[in-house]
There are 2 protein chains.
Amino acid sequence: MIKDMKDIVSLCKRRGFIFPASDIYGGINGFWDYGPLGTELKNNIRDLWWKAMVLTPPVGPDGQPVQIVGLDSAIIQNPKCWEASGHIGGFNDPMVDCKETKKRYRADHLVAYVISHYMDDDQPELKLIPVFEQNTPEEEILKKFKKLGLGASTENYKVIPFMDIENYHYTNPDNDHGMLHLEEGKSILRLRKDKLVGPDVKIPDTLTEPKQFNLMFHTFVGANATEDDKAYLRPETCAGIFLNFKNIIDTARVKVPFGIAQIGKAFRNEVTPRNFIFRSREFEQMELEWFCEKEDAPQWFEFWVDQRKKWWESIGMDLSKFHFLDVEKADLAHYSDRTIDFEYQFPFAYPDYDELEGIAHRGNFDLTQHQEFSGQKLEYMDPSDNTKRYLPDVIEPSCGLTRAVLGVLSEAYTVDESRPSGVYLNFHPSVAPKKAAILPLTAKEEHVPIATKLYMDLREEFAIDLDVKQNIGKRYARQDEIGTPYCFTVDNQTLEDQTVTVRDRNTMTQERVNMDQVASYLRENLKPAKVMAKKEG
Amino acid sequence: MIKDMKDIVSLCKRRGFIFPASDIYGGINGFWDYGPLGTELKNNIRDLWWKAMVLTPPVGPDGQPVQIVGLDSAIIQNPKCWEASGHIGGFNDPMVDCKETKKRYRADHLVAYVISHYMDDDQPELKLIPVFEQNTPEEEILKKFKKLGLGASTENYKVIPFMDIENYHYTNPDNDHGMLHLEEGKSILRLRKDKLVGPDVKIPDTLTEPKQFNLMFHTFVGANATEDDKAYLRPETCAGIFLNFKNIIDTARVKVPFGIAQIGKAFRNEVTPRNFIFRSREFEQMELEWFCEKEDAPQWFEFWVDQRKKWWESIGMDLSKFHFLDVEKADLAHYSDRTIDFEYQFPFAYPDYDELEGIAHRGNFDLTQHQEFSGQKLEYMDPSDNTKRYLPDVIEPSCGLTRAVLGVLSEAYTVDESRPSGVYLNFHPSVAPKKAAILPLTAKEEHVPIATKLYMDLREEFAIDLDVKQNIGKRYARQDEIGTPYCFTVDNQTLEDQTVTVRDRNTMTQERVNMDQVASYLRENLKPAKVMAKKEG
């Protein structure tokens, strides 16, 4: 069954995972608040990544654990940092404004519908050219066609990227009986740009030329607000790592190859934030920069691709819903030798994929740039040969923590009409915000103190929910919707034989266990290796 | 022995706790990066607070654990939020500029030295009035006096707040033989403001009138940068809690009394960031808003004061170096009934104190404001009596995570000239970035694999450092300086009898333990209840 984003968004709000930021003030586009369960879910993913990277880094090809240290650098850095990284010069999207509606569009996300053939004696320059945002539903396109008198079908139209309009013209192959064809290349009839009709208007010629727009939020540090005081909110966490490369090799007793890992917020002034928390203006990243010698980089690249696959699997992601995009040479940044994007089949992209993580071999571009712009020597000196000094190459596994939250939620969301909630979250136990719930069957005097005691006994070791009021069916439904693997219920039989029922989230089967076995039951069943029983929705 | 801030700053940089942000670019005033050990230290404090608040909240007066849920709200919120909270209108400091040096001062941090007595026939308006920043050392004051020809002592001068200058005048009590006295009140001779000499100049009349300066960083959200698009970086995390009060009572099954806790970054455009990470422009807070009925608020206030004291003690802070300031009625914000500041004897303040945490009874000011500005009903409905609707009162224990890091570092910093490092960090085990170090005595083939195996066995359970190279004395010195409670050394005897030495950080005593007892040794000795042996420096 195809999962629907709006159902996931709705559950997230209903159960307290994720709320629109400033909800009571009508929100603020592109910002989200993590509620009680969303915060725990996000913290769990954060801690699992940190553990896999910094606290217990993987064993390398030589059988020794690799060296990785953590970092937490400031969001606001000296603005020269962003000149060096190229963000001030280059971190721009081409934007198009509509003079009529004041709306703004990313030019590279617009497409134009241009009639593909004309007779010589038509007047092609008089035809309107409707422009749409990518992925506009067919019925909306047809509605607009009707309004503009362009016919009841798009079949005679060619869809071309807005940015490429300059390149398209009508040409007349000699042998074609006066028929003009829309083609790239030499012009017979040029497309008239004043015939373009923007996505949200009915009249032509309201769109401006594309212009660049910097995606970094800026602010002013200090008491004045002059250009000299301008600073930026970091658009990615990795820059802080490069800035501290020298301080870390000087103080942390690390030797190449080694890594520096960071988790933190980043900000991008996206023109059209969308797809829930997938493309928001404030988000969190988890980035590792792995420093190694140039000749070892390809091998480390493979190592990290493999490690990162294992990690996603370890938190319950289904690799069969991943697409590993080996980015084509022509599409790579000039400094990159290779990049593999881990794309996941997010519900909003289905049956397509969108990016969850990218693993890039960045050469030594960043260190080279910072060395040049700062005038500081950033070279690493090989401790066994101090004539060998170099800027190491970098392999960067970089993923979004907030995107990981959306991935995990999407993966876990399971429709099951056989249960009262109609849905449950099939979280891997390692990420589940609550590992178990303790439920007194009734709010009667007898059940509550026993449940409370059990909760107190368990909570030092496990994240436990104690939920006292409401009928038990509603409470099970809630635990299903928040993805709690196990519910332990204290009932009248508990008073007699000290057993409680345990209900399995996925199978909904119940059995009884002795109260003093609950901790060991959880220890056993929450083990990462334990395969979860699945009931497909 | 008095601890010196510059020694602490120096150790923090030398050992990779804290670096100036953008160090290679000459830094950026008021921003700091947390290096490998600083990040772990900060994470430990963060996690201990979160555990104490959200995962295992304390048991309340009724014997039941209190209810607290977590939140992680966005740094950038709808700007209306800051109108409601009063930050756009009121979050201002009065600032004074120096026209000569372009320096800017907080007016309420400046004092003026004014001669306290004049003879009628003197010309008091010709005397210069030197202005200093608070806490300027006496010798600097006297140097300036000399330069300005004001004599070799300050004893005939009265020190008055810069902001109060308007109120001071020379008056002539009739019976005083022509002597004028500097007094508040009715004027005979006014102080001439054009005689004020700013802190960093030698000439009078360069200071401007105080003007207000908003401490919030602003930015612009969306493609334009007009006033309509202006937004702010939050100056405190608590606002996000009030914004989500309604969403949380609607979704999280909490009942008054309950709490919402948040840890996160906040930003203040401080005019003069100072005292290392104590007053920085980017910092982290840990805040709890505890919602309760008005009549219960005083009792909950006491409860939280008590809980917070226990917490600080549990992470190794010495309460005898705290000053609990019960803020005077006259100094309280208009909405607050009571505030207690937890002040700590930071080295920069010694023998004085500065604020580490504040516990405030805020009434229902915040919810009232947000209800009014948003037009949304935020009232809580008592589930047992739905005619009872009200905005609960709030008790707010609010502390700085980054200040806590400085507090913990200051507390732990211990001079001990008997050891090679001359200093060690006497961290409580719960906050120590590394709980133990595994050190092969030599980098010889025999010791390293055993040490590596021991490290691998332990690292799932404890934060362990494996440090292979350098002579053992230097490695002990390093572990002392990073505050590792225990060092386990693999030596030749280990090859024979499977024992390792364990060295206690504080006592420097060594004993041998069997390798397979190391985990249980750590479990036992890292227990929070275990009193650490102390060797005073």
# chains A, B, ... in the order shown; residues from 1 in each chain; ligands from 1

call {"tool": "interface_residues", "arguments": {"of": "chain A", "to": "chain B", "cutoff": "7 Å", "atoms": "only C-alpha atoms", "output": "PyMOL selection string"}}
result
chain A and resi 14-16+21-22+24-25+27-28+31-36+39+55-56+69-74+77-78+217-223+243+248+251-252+269+271+374+376+459-460+463

call {"tool": "residues_around", "arguments": {"residues": "Thr414 of chain A", "least_positions_apart": "4", "cutoff": "7 Å", "atoms": "only C-alpha atoms", "output": "number ranges by chain"}}
result
A: 423-426, 537

call {"tool": "closest_residue", "arguments": {"among": "A:Arg106, A:Phe291, A:Glu343, A:His428", "to": "Glu379 of chain A", "atoms": "only C-alpha atoms"}}
result
A:Phe291

call {"tool": "select_by_dssp", "arguments": {"residues": "segment 147-266 of chain A", "states": "alpha helix (DSSP H)", "output": "JSON, numbers by chain"}}
result
{"A": [147, 238, 239, 240, 241, 242, 243, 245, 246, 247, 248, 249, 250, 251]}

call {"tool": "write_last_selection", "arguments": {"atoms": "N, CA, C and O atoms", "output": "PDB file, in the first residue's frame"}}
result
ATOM      1  N   LYS A 147      -8.164  27.608 -20.061  1.00  0.00           N
ATOM      2  CA  LYS A 147      -8.276  29.049 -19.794  1.00  0.00           C
ATOM      3  C   LYS A 147      -7.551  29.873 -20.840  1.00  0.00           C
ATOM      4  O   LYS A 147      -7.987  30.956 -21.224  1.00  0.00           O
ATOM      5  N   CYS A 238      29.595  20.994   8.008  1.00  0.00           N
ATOM      6  CA  CYS A 238      30.954  20.503   7.735  1.00  0.00           C
ATOM      7  C   CYS A 238      32.001  21.600   7.780  1.00  0.00           C
ATOM      8  O   CYS A 238      33.161  21.344   8.130  1.00  0.00           O
ATOM      9  N   ALA A 239      31.635  22.841   7.457  1.00  0.00           N
ATOM     10  CA  ALA A 239      32.631  23.912   7.432  1.00  0.00           C
ATOM     11  C   ALA A 239      33.338  24.028   8.783  1.00  0.00           C
ATOM     12  O   ALA A 239      34.555  24.208   8.850  1.00  0.00           O
ATOM     13  N   GLY A 240      32.562  23.916   9.870  1.00  0.00           N
ATOM     14  CA  GLY A 240      33.154  24.001  11.205  1.00  0.00           C
ATOM     15  C   GLY A 240      34.226  22.952  11.433  1.00  0.00           C
ATOM     16  O   GLY A 240      35.174  23.166  12.186  1.00  0.00           O
ATOM     17  N   ILE A 241      34.063  21.829  10.766  1.00  0.00           N
ATOM     18  CA  ILE A 241      35.063  20.759  10.892  1.00  0.00           C
ATOM     19  C   ILE A 241      36.375  21.179  10.227  1.00  0.00           C
ATOM     20  O   ILE A 241      37.449  21.051  10.811  1.00  0.00           O
ATOM     21  N   PHE A 242      36.275  21.721   9.024  1.00  0.00           N
ATOM     22  CA  PHE A 242      37.504  22.141   8.337  1.00  0.00           C
ATOM     23  C   PHE A 242      38.188  23.278   9.097  1.00  0.00           C
ATOM     24  O   PHE A 242      39.407  23.321   9.205  1.00  0.00           O
ATOM     25  N   LEU A 243      37.396  24.185   9.648  1.00  0.00           N
ATOM     26  CA  LEU A 243      37.971  25.299  10.414  1.00  0.00           C
ATOM     27  C   LEU A 243      38.779  24.785  11.607  1.00  0.00           C
ATOM     28  O   LEU A 243      39.726  25.429  12.030  1.00  0.00           O
ATOM     29  N   PHE A 245      40.252  21.743  11.818  1.00  0.00           N
ATOM     30  CA  PHE A 245      41.174  20.654  11.462  1.00  0.00           C
ATOM     31  C   PHE A 245      42.524  20.840  12.156  1.00  0.00           C
ATOM     32  O   PHE A 245      43.044  19.934  12.814  1.00  0.00           O
ATOM     33  N   LYS A 246      43.065  22.048  12.073  1.00  0.00           N
ATOM     34  CA  LYS A 246      44.394  22.320  12.626  1.00  0.00           C
ATOM     35  C   LYS A 246      44.379  22.207  14.158  1.00  0.00           C
ATOM     36  O   LYS A 246      45.255  21.566  14.755  1.00  0.00           O
ATOM     37  N   ASN A 247      43.382  22.830  14.786  1.00  0.00           N
ATOM     38  CA  ASN A 247      43.297  22.745  16.245  1.00  0.00           C
ATOM     39  C   ASN A 247      43.184  21.290  16.696  1.00  0.00           C
ATOM     40  O   ASN A 247      43.733  20.920  17.730  1.00  0.00           O
ATOM     41  N   ILE A 248      42.474  20.484  15.945  1.00  0.00           N
ATOM     42  CA  ILE A 248      42.277  19.098  16.364  1.00  0.00           C
ATOM     43  C   ILE A 248      43.534  18.265  16.146  1.00  0.00           C
ATOM     44  O   ILE A 248      43.913  17.499  17.032  1.00  0.00           O
ATOM     45  N   ILE A 249      44.212  18.431  15.013  1.00  0.00           N
ATOM     46  CA  ILE A 249      45.449  17.634  14.891  1.00  0.00           C
ATOM     47  C   ILE A 249      46.494  18.091  15.907  1.00  0.00           C
ATOM     48  O   ILE A 249      47.311  17.307  16.355  1.00  0.00           O
ATOM     49  N   ASP A 250      46.421  19.346  16.334  1.00  0.00           N
ATOM     50  CA  ASP A 250      47.380  19.822  17.342  1.00  0.00           C
ATOM     51  C   ASP A 250      47.066  19.348  18.757  1.00  0.00           C
ATOM     52  O   ASP A 250      47.935  19.384  19.624  1.00  0.00           O
ATOM     53  N   THR A 251      45.831  18.961  19.040  1.00  0.00           N
ATOM     54  CA  THR A 251      45.458  18.691  20.434  1.00  0.00           C
ATOM     55  C   THR A 251      44.898  17.294  20.683  1.00  0.00           C
ATOM     56  O   THR A 251      44.898  16.843  21.821  1.00  0.00           O
TER      57      THR A 251
END

call {"tool": "closest_residue", "arguments": {"among": "B:Thr509, B:Ser314, B:Thr368, B:Thr101", "to": "Pro429 of chain B", "atoms": "only C-alpha atoms"}}
result
B:Ser314

call {"tool": "residues_around", "arguments": {"residues": "Tyr157 of chain A", "least_positions_apart": "2", "cutoff": "7 Å", "atoms": "only C-alpha atoms", "output": "PyMOL selection string"}}
result
chain A and resi 113-116+154-155+159

call {"tool": "atom_distance", "arguments": {"atom1": "atom CA of Gly60 of chain A", "atom2": "atom CA of Glu287 of chain A"}}
result
18.6 Å

call {"tool": "atom_distance", "arguments": {"atom1": "atom CA of Pro199 of chain A", "atom2": "atom CA of Leu110 of chain A"}}
result
8.7 Å

call {"tool": "atom_distance", "arguments": {"atom1": "atom CA of Ile188 of chain B", "atom2": "atom CA of Asn167 of chain B"}}
result
12.2 Å

call {"tool": "residues_around", "arguments": {"residues": "Lys127 of chain A", "least_positions_apart": "2", "cutoff": "12 Å", "atoms": "only C-alpha atoms", "output": "PyMOL selection string"}}
result
chain A and resi 113-118+122-125+129-130+145+148-151+157+191-197+204

call {"tool": "decode", "arguments": {"residues": "segment 372-388 of chain A", "atoms": "N, CA, C and O atoms", "output": "PDB file, in the first residue's frame"}}
result
ATOM      1  N   GLU A 372      44.254  28.870   1.866  1.00  0.00           N
ATOM      2  CA  GLU A 372      44.515  30.050   1.042  1.00  0.00           C
ATOM      3  C   GLU A 372      43.861  31.297   1.640  1.00  0.00           C
ATOM      4  O   GLU A 372      44.494  32.340   1.779  1.00  0.00           O
ATOM      5  N   PHE A 373      42.598  31.175   2.035  1.00  0.00           N
ATOM      6  CA  PHE A 373      41.878  32.359   2.515  1.00  0.00           C
ATOM      7  C   PHE A 373      42.328  32.801   3.903  1.00  0.00           C
ATOM      8  O   PHE A 373      42.237  33.975   4.250  1.00  0.00           O
ATOM      9  N   SER A 374      42.773  31.861   4.740  1.00  0.00           N
ATOM     10  CA  SER A 374      43.165  32.238   6.102  1.00  0.00           C
ATOM     11  C   SER A 374      44.646  32.596   6.181  1.00  0.00           C
ATOM     12  O   SER A 374      45.080  33.247   7.124  1.00  0.00           O
ATOM     13  N   GLY A 375      45.418  32.130   5.186  1.00  0.00           N
ATOM     14  CA  GLY A 375      46.859  32.352   5.255  1.00  0.00           C
ATOM     15  C   GLY A 375      47.538  31.496   6.322  1.00  0.00           C
ATOM     16  O   GLY A 375      48.710  31.694   6.628  1.00  0.00           O
ATOM     17  N   GLN A 376      46.809  30.556   6.913  1.00  0.00           N
ATOM     18  CA  GLN A 376      47.402  29.665   7.922  1.00  0.00           C
ATOM     19  C   GLN A 376      47.819  28.353   7.255  1.00  0.00           C
ATOM     20  O   GLN A 376      47.095  27.841   6.416  1.00  0.00           O
ATOM     21  N   LYS A 377      48.940  27.821   7.705  1.00  0.00           N
ATOM     22  CA  LYS A 377      49.386  26.514   7.207  1.00  0.00           C
ATOM     23  C   LYS A 377      48.493  25.440   7.822  1.00  0.00           C
ATOM     24  O   LYS A 377      48.418  25.297   9.043  1.00  0.00           O
ATOM     25  N   LEU A 378      47.784  24.697   7.011  1.00  0.00           N
ATOM     26  CA  LEU A 378      46.901  23.662   7.552  1.00  0.00           C
ATOM     27  C   LEU A 378      47.442  22.265   7.271  1.00  0.00           C
ATOM     28  O   LEU A 378      46.779  21.264   7.519  1.00  0.00           O
ATOM     29  N   GLU A 379      48.668  22.198   6.756  1.00  0.00           N
ATOM     30  CA  GLU A 379      49.186  20.895   6.340  1.00  0.00           C
ATOM     31  C   GLU A 379      49.380  19.936   7.509  1.00  0.00           C
ATOM     32  O   GLU A 379      49.758  20.339   8.610  1.00  0.00           O
ATOM     33  N   TYR A 380      49.138  18.700   7.214  1.00  0.00           N
ATOM     34  CA  TYR A 380      49.364  17.627   8.168  1.00  0.00           C
ATOM     35  C   TYR A 380      50.792  17.126   7.980  1.00  0.00           C
ATOM     36  O   TYR A 380      51.247  16.935   6.857  1.00  0.00           O
ATOM     37  N   MET A 381      51.477  16.934   9.112  1.00  0.00           N
ATOM     38  CA  MET A 381      52.831  16.407   9.030  1.00  0.00           C
ATOM     39  C   MET A 381      52.818  14.942   9.436  1.00  0.00           C
ATOM     40  O   MET A 381      52.375  14.602  10.526  1.00  0.00           O
ATOM     41  N   ASP A 382      53.286  14.098   8.559  1.00  0.00           N
ATOM     42  CA  ASP A 382      53.343  12.676   8.873  1.00  0.00           C
ATOM     43  C   ASP A 382      54.297  12.468  10.048  1.00  0.00           C
ATOM     44  O   ASP A 382      55.470  12.846   9.964  1.00  0.00           O
ATOM     45  N   PRO A 383      53.848  11.872  11.153  1.00  0.00           N
ATOM     46  CA  PRO A 383      54.704  11.785  12.339  1.00  0.00           C
ATOM     47  C   PRO A 383      55.904  10.854  12.137  1.00  0.00           C
ATOM     48  O   PRO A 383      56.909  10.995  12.825  1.00  0.00           O
ATOM     49  N   SER A 384      55.808   9.938  11.175  1.00  0.00           N
ATOM     50  CA  SER A 384      56.939   9.030  10.980  1.00  0.00           C
ATOM     51  C   SER A 384      57.896   9.562   9.899  1.00  0.00           C
ATOM     52  O   SER A 384      58.935   8.986   9.657  1.00  0.00           O
ATOM     53  N   ASP A 385      57.515  10.665   9.254  1.00  0.00           N
ATOM     54  CA  ASP A 385      58.392  11.222   8.214  1.00  0.00           C
ATOM     55  C   ASP A 385      58.081  12.713   8.112  1.00  0.00           C
ATOM     56  O   ASP A 385      57.182  13.125   7.369  1.00  0.00           O
ATOM     57  N   ASN A 386      58.841  13.520   8.875  1.00  0.00           N
ATOM     58  CA  ASN A 386      58.413  14.918   8.964  1.00  0.00           C
ATOM     59  C   ASN A 386      58.785  15.750   7.739  1.00  0.00           C
ATOM     60  O   ASN A 386      58.585  16.962   7.718  1.00  0.00           O
ATOM     61  N   THR A 387      59.272  15.091   6.684  1.00  0.00           N
ATOM     62  CA  THR A 387      59.409  15.842   5.431  1.00  0.00           C
ATOM     63  C   THR A 387      58.132  15.699   4.606  1.00  0.00           C
ATOM     64  O   THR A 387      57.953  16.348   3.593  1.00  0.00           O
ATOM     65  N   LYS A 388      57.266  14.804   5.075  1.00  0.00           N
ATOM     66  CA  LYS A 388      56.022  14.563   4.326  1.00  0.00           C
ATOM     67  C   LYS A 388      54.909  15.414   4.922  1.00  0.00           C
ATOM     68  O   LYS A 388      54.415  15.143   6.018  1.00  0.00           O
TER      69      LYS A 388
END
